[in-house]
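Student: mmCIF, C-alpha atoms, file my_file_12.cif:
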```
data_entry
loop_
_atom_site.label_atom_id
_atom_site.label_comp_id
_atom_site.auth_asym_id
_atom_site.auth_seq_id
_atom_site.Cartn_x
_atom_site.Cartn_y
_atom_site.Cartn_z
CA MET G 1 -20.76 19.29 -5.88
CA ASN G 2 -20.31 17.40 -2.59
CA GLU G 3 -19.88 14.08 -4.42
CA VAL G 4 -17.11 15.52 -6.57
CA ALA G 5 -15.39 17.02 -3.53
CA ALA G 6 -15.52 13.66 -1.76
CA SER G 7 -14.09 11.75 -4.73
CA VAL G 8 -10.68 10.14 -4.43
CA ARG G 9 -8.37 11.82 -6.95
CA VAL G 10 -6.27 9.25 -8.79
CA LEU G 11 -3.21 9.47 -11.05
CA VAL G 12 -2.49 6.37 -13.18
CA VAL G 13 1.15 5.73 -14.13
CA ASP G 14 2.11 3.06 -16.67
CA ASP G 15 4.39 3.08 -19.71
CA GLN G 16 2.01 0.89 -21.75
CA ARG G 17 -0.71 3.07 -23.25
CA LEU G 18 -3.32 0.34 -23.54
CA ILE G 19 -2.97 -0.64 -19.90
CA ARG G 20 -2.73 2.96 -18.70
CA ASP G 21 -5.83 4.09 -20.56
CA GLY G 22 -7.69 0.91 -19.65
CA ILE G 23 -7.11 1.35 -15.92
CA ALA G 24 -8.05 5.02 -16.15
CA SER G 25 -11.26 4.20 -18.02
CA LEU G 26 -12.28 1.44 -15.59
CA LEU G 27 -11.74 3.67 -12.56
CA SER G 28 -13.37 6.75 -14.05
CA ILE G 29 -16.79 5.07 -14.10
CA ARG G 30 -16.59 3.99 -10.47
CA PRO G 31 -18.46 6.10 -7.91
CA GLY G 32 -16.33 8.17 -5.59
CA ILE G 33 -13.26 8.09 -7.84
CA THR G 34 -11.97 10.80 -10.19
CA VAL G 35 -9.04 10.06 -12.49
CA VAL G 36 -7.24 13.40 -12.65
CA GLY G 37 -4.53 12.33 -15.07
CA THR G 38 -2.12 9.72 -16.41
CA ALA G 39 1.64 9.54 -16.79
CA VAL G 40 3.98 7.39 -18.88
CA ASP G 41 6.91 7.10 -16.47
CA GLY G 42 8.16 8.05 -13.03
CA ARG G 43 9.48 11.46 -14.04
CA GLU G 44 6.15 12.50 -15.54
CA ALA G 45 4.37 11.00 -12.53
CA VAL G 46 6.25 13.33 -10.19
CA ALA G 47 5.50 16.35 -12.39
CA LYS G 48 1.81 15.45 -12.69
CA ALA G 49 1.51 14.76 -8.95
CA LEU G 50 2.91 18.21 -8.16
CA GLU G 51 0.51 19.76 -10.68
CA LEU G 52 -2.67 17.78 -10.02
CA CYS G 53 -2.34 16.87 -6.30
CA PRO G 54 -3.85 13.37 -6.51
CA ASP G 55 -4.85 11.52 -3.36
CA VAL G 56 -3.67 8.17 -4.73
CA VAL G 57 -1.13 7.27 -7.41
CA LEU G 58 -1.30 3.85 -9.04
CA MET G 59 2.30 3.25 -10.10
CA ASP G 60 3.81 0.61 -12.35
CA VAL G 61 7.22 -0.72 -11.30
CA ARG G 62 9.19 -1.23 -14.49
CA MET G 63 9.25 1.86 -16.69
CA PRO G 64 11.94 3.48 -18.85
CA GLY G 65 13.76 6.48 -17.44
CA MET G 66 12.68 6.92 -13.83
CA ASP G 67 11.10 3.66 -12.68
CA GLY G 68 8.30 3.28 -10.17
CA VAL G 69 10.48 2.65 -7.13
CA GLU G 70 12.54 5.78 -7.69
CA ALA G 71 9.38 7.79 -8.33
CA VAL G 72 7.86 6.62 -5.03
CA ALA G 73 10.90 7.85 -3.13
CA VAL G 74 10.71 11.25 -4.85
CA LEU G 75 6.96 11.55 -4.22
CA ARG G 76 7.40 10.74 -0.53
CA GLY G 77 9.68 13.75 -0.27
CA THR G 78 7.77 16.17 -2.49
CA VAL G 79 4.10 15.18 -2.05
CA PRO G 80 4.08 13.27 1.26
CA GLU G 81 0.30 13.40 1.61
CA CYS G 82 -0.11 11.39 -1.61
CA ARG G 83 -0.54 7.63 -1.20
CA VAL G 84 1.29 5.51 -3.77
CA VAL G 85 0.16 1.97 -4.58
CA MET G 86 2.33 -0.16 -6.84
CA LEU G 87 0.18 -1.83 -9.50
CA THR G 88 2.23 -4.20 -11.61
CA THR G 89 2.56 -7.62 -13.21
CA PHE G 90 5.84 -8.20 -11.38
CA ASP G 91 5.82 -9.81 -7.93
CA ASP G 92 9.61 -10.10 -7.82
CA LYS G 93 10.75 -9.90 -4.21
CA GLU G 94 13.39 -7.26 -4.99
CA TYR G 95 10.77 -4.89 -6.36
CA VAL G 96 8.41 -5.60 -3.48
CA VAL G 97 10.87 -4.73 -0.74
CA GLN G 98 12.41 -1.80 -2.59
CA ALA G 99 9.00 -0.25 -3.28
CA LEU G 100 7.77 -0.62 0.29
CA ARG G 101 10.97 0.72 1.76
CA ALA G 102 10.79 3.67 -0.66
CA GLY G 103 7.40 4.56 0.80
CA ALA G 104 4.73 2.76 -1.22
CA CYS G 105 1.61 2.07 0.83
CA GLY G 106 0.73 -1.07 -1.08
CA TYR G 107 1.79 -3.56 -3.74
CA LEU G 108 -0.90 -5.13 -5.92
CA LEU G 109 -0.91 -7.15 -9.13
CA LYS G 110 -2.73 -6.11 -12.28
CA ASP G 111 -4.96 -9.18 -12.42
CA LEU G 112 -7.32 -7.55 -9.90
CA PRO G 113 -10.96 -7.30 -11.02
CA ALA G 114 -12.06 -3.71 -11.69
CA GLY G 115 -14.28 -3.60 -8.63
CA GLU G 116 -11.47 -4.75 -6.34
CA LEU G 117 -9.10 -2.21 -7.84
CA ALA G 118 -11.58 0.59 -7.15
CA HIS G 119 -11.97 -0.70 -3.58
CA ALA G 120 -8.19 -0.78 -3.24
CA VAL G 121 -8.01 2.87 -4.27
CA ARG G 122 -10.53 3.85 -1.61
CA LEU G 123 -8.72 1.82 1.05
CA ALA G 124 -5.39 3.41 0.12
CA HIS G 125 -6.95 6.85 0.47
CA ALA G 126 -8.23 5.80 3.89
CA GLY G 127 -4.69 4.84 4.93
CA VAL G 128 -5.02 1.07 4.68
CA THR G 129 -1.92 -0.75 3.45
CA GLN G 130 -2.64 -3.52 0.97
CA LEU G 131 -0.34 -6.33 -0.04
CA ASP G 132 -1.03 -9.05 -2.58
CA ALA G 133 -0.86 -12.53 -1.07
CA SER G 134 2.28 -13.33 -3.06
CA VAL G 135 3.83 -10.10 -1.80
CA THR G 136 3.34 -11.12 1.82
CA HIS G 137 5.02 -14.40 0.99
CA HIS G 138 7.99 -12.58 -0.51
CA LEU G 139 8.34 -10.36 2.55
CA ALA G 140 8.49 -13.42 4.73
CA ALA G 141 11.02 -15.08 2.44
CA CYS G 142 13.47 -12.29 1.74
CA LEU G 143 13.77 -10.06 4.78
CA PRO G 144 16.39 -11.01 7.37
CA CYS G 145 15.30 -13.16 10.25
CA PRO G 146 15.26 -11.55 13.68
CA GLY G 147 18.43 -11.79 15.71
CA PRO G 148 18.77 -13.00 19.28
CA GLY G 149 16.67 -11.03 21.71
CA ALA G 150 14.24 -9.71 19.10
CA GLU G 151 11.27 -10.55 21.27
CA PRO G 152 8.10 -8.60 20.43
CA SER G 153 6.51 -9.11 23.84
CA VAL G 154 9.09 -6.75 25.32
CA VAL G 155 7.16 -3.78 23.93
CA LEU G 156 3.84 -5.26 22.75
CA SER G 157 1.06 -7.06 24.58
CA PRO G 158 -0.09 -10.48 23.32
CA ARG G 159 -3.18 -8.85 21.78
CA GLU G 160 -1.03 -6.26 20.00
CA ILE G 161 1.22 -9.02 18.68
CA ASP G 162 -1.85 -10.78 17.23
CA ILE G 163 -3.00 -7.55 15.59
CA LEU G 164 0.46 -6.74 14.21
CA ARG G 165 0.64 -10.20 12.66
CA LEU G 166 -2.72 -9.67 10.94
CA VAL G 167 -1.73 -6.21 9.73
CA ALA G 168 1.34 -7.79 8.16
CA GLN G 169 -0.94 -10.24 6.37
CA GLY G 170 -2.71 -7.30 4.72
CA ARG G 171 -5.94 -7.56 6.72
CA THR G 172 -8.19 -4.50 7.05
CA ASN G 173 -9.36 -3.20 10.42
CA ARG G 174 -12.77 -4.76 9.79
CA GLU G 175 -11.27 -8.16 9.03
CA ILE G 176 -9.04 -8.01 12.10
CA ALA G 177 -11.99 -7.01 14.26
CA ALA G 178 -14.07 -9.92 12.98
CA GLN G 179 -11.31 -12.47 13.48
CA LEU G 180 -10.42 -11.31 17.00
CA TYR G 181 -13.99 -10.48 18.08
CA LEU G 182 -13.19 -6.81 18.66
CA SER G 183 -14.77 -3.57 17.53
CA GLU G 184 -13.15 -1.71 14.64
CA GLY G 185 -12.53 1.22 16.98
CA THR G 186 -10.63 -1.02 19.39
CA VAL G 187 -8.52 -2.40 16.55
CA LYS G 188 -7.76 1.12 15.32
CA ASN G 189 -6.66 2.15 18.82
CA HIS G 190 -4.43 -0.92 19.13
CA ILE G 191 -2.78 -0.19 15.77
CA SER G 192 -2.13 3.42 16.78
CA ARG G 193 -0.42 2.21 19.96
CA ILE G 194 1.60 -0.37 18.02
CA LEU G 195 2.85 2.26 15.57
CA GLY G 196 3.73 4.57 18.45
CA ARG G 197 5.54 1.98 20.54
CA LEU G 198 7.58 0.70 17.61
CA ALA G 199 8.19 4.20 16.19
CA LEU G 200 6.61 3.26 12.85
CA ARG G 201 5.12 5.62 10.28
CA ASP G 202 2.35 3.45 8.82
CA ARG G 203 1.03 -0.06 8.22
CA THR G 204 3.61 -0.77 5.53
CA GLN G 205 6.43 -0.27 8.02
CA ALA G 206 4.44 -2.37 10.50
CA ALA G 207 4.36 -5.24 7.98
CA LEU G 208 8.11 -5.03 7.52
CA ARG G 209 8.72 -4.86 11.28
CA ALA G 210 6.48 -7.88 11.82
CA ARG G 211 8.89 -9.94 9.73
CA ASP G 212 11.86 -8.52 11.63
CA LEU G 213 10.17 -9.67 14.83
CA GLY G 214 9.55 -13.15 13.45
CA LEU G 215 5.76 -12.83 13.25
CA LEU G 216 5.42 -14.04 9.63
#
```
Written as structure tokens, how would this file's structure read?
Tutor:
Amino acid sequence: MNEVAASVRVLVVDDQRLIRDGIASLLSIRPGITVVGTAVDGREAVAKALELCPDVVLMDVRMPGMDGVEAVAVLRGTVPECRVVMLTTFDDKEYVVQALRAGACGYLLKDLPAGELAHAVRLAHAGVTQLDASVTHHLAACLPCPGPGAEPSVVLSPREIDILRLVAQGRTNREIAAQLYLSEGTVKNHISRILGRLALRDRTQAALRARDLGLL
């Protein structure tokens, strides 16, 4: 009973049945994960999310009718506690930026091994933003460069700037702690202060702001 209660509830959204059912099957056998349903497009994803209350939604980008980006924006307004991770074959920079600005907490490609996908679901539930390496590259390439005077040290300490840069690279708290020789608790406290000082909602917005500040 406790194991079921602790499971991360996942909704899988993809317009291709083979892929949708395959992802659902792979995740359903992973410990700590319960696939509560699937959906064929963004409109059904919103309806299922309201009905099933998943913790994490794995959302394709390109779908007929309501696409993934539009669905993310709707879910952020109707089920704000739900974390949406884009899972797609498309790493087009337009989709990347649109999805993150709409409220997605991550953008991953479908060539992930099953074990890494399950780990990504757990990290998303824990509030960790995840970006594929190519996605980070696109963010650096397509967002506007900072204007004159956009100096991060005005509001952030040198240590916080280092941590913000690593957050933007998609590093977890553990990875940041190991690289900077800090405890995970210290890293978590730094990130909380960074979000507060820059008036950011989450790590996704932090990644976008890092580019605005010229840190990528």
Student: Using the chain letters and numbering of this document, enumerate as a ChimeraX atom specification the residues selected by the PyMOL selection byres ((chain G and resi 108) around 9).
Tutor: /G:85-89,91,106-107,109-112,117,120,130-133,135
Student: Give the centre and edge lengths of an axis-aligned box, in Å to one decimal, that holds all listed atoms of region 199-216 of chain G with 4 Å on each side, as JSON.
Tutor:
```
{"center_x": 6.4, "center_y": -4.2, "center_z": 10.9, "size_x": 18.8, "size_y": 27.7, "size_z": 18.7}
```
Student: Nearest residue to Asp67 (chain G) out of G:Glu116, G:Asp92, G:Asp14, G:Asp41, using all atoms listed in the file?
Tutor: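 Using all atoms listed in the file, the shortest distance to Asp67 (chain G) belongs to G:Asp41.
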Student: Between CA of Thr34 (chain G) and CA of Val84 (chain G), what is the distance in Å, rounded to a tenth?
Tutor: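 According to the coordinates, CA of Thr34 (chain G) and CA of Val84 (chain G) are separated by 15.7 Å.
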Student: Which residues, written as a ChimeraX atom specification, have at least one atom at most 8 Å from Ile163 (chain G), with all atoms listed in the file counted and residues fewer than 3 positions away on the same chain left out?
Tutor: /G:159-160,166-167,176,187,190-191
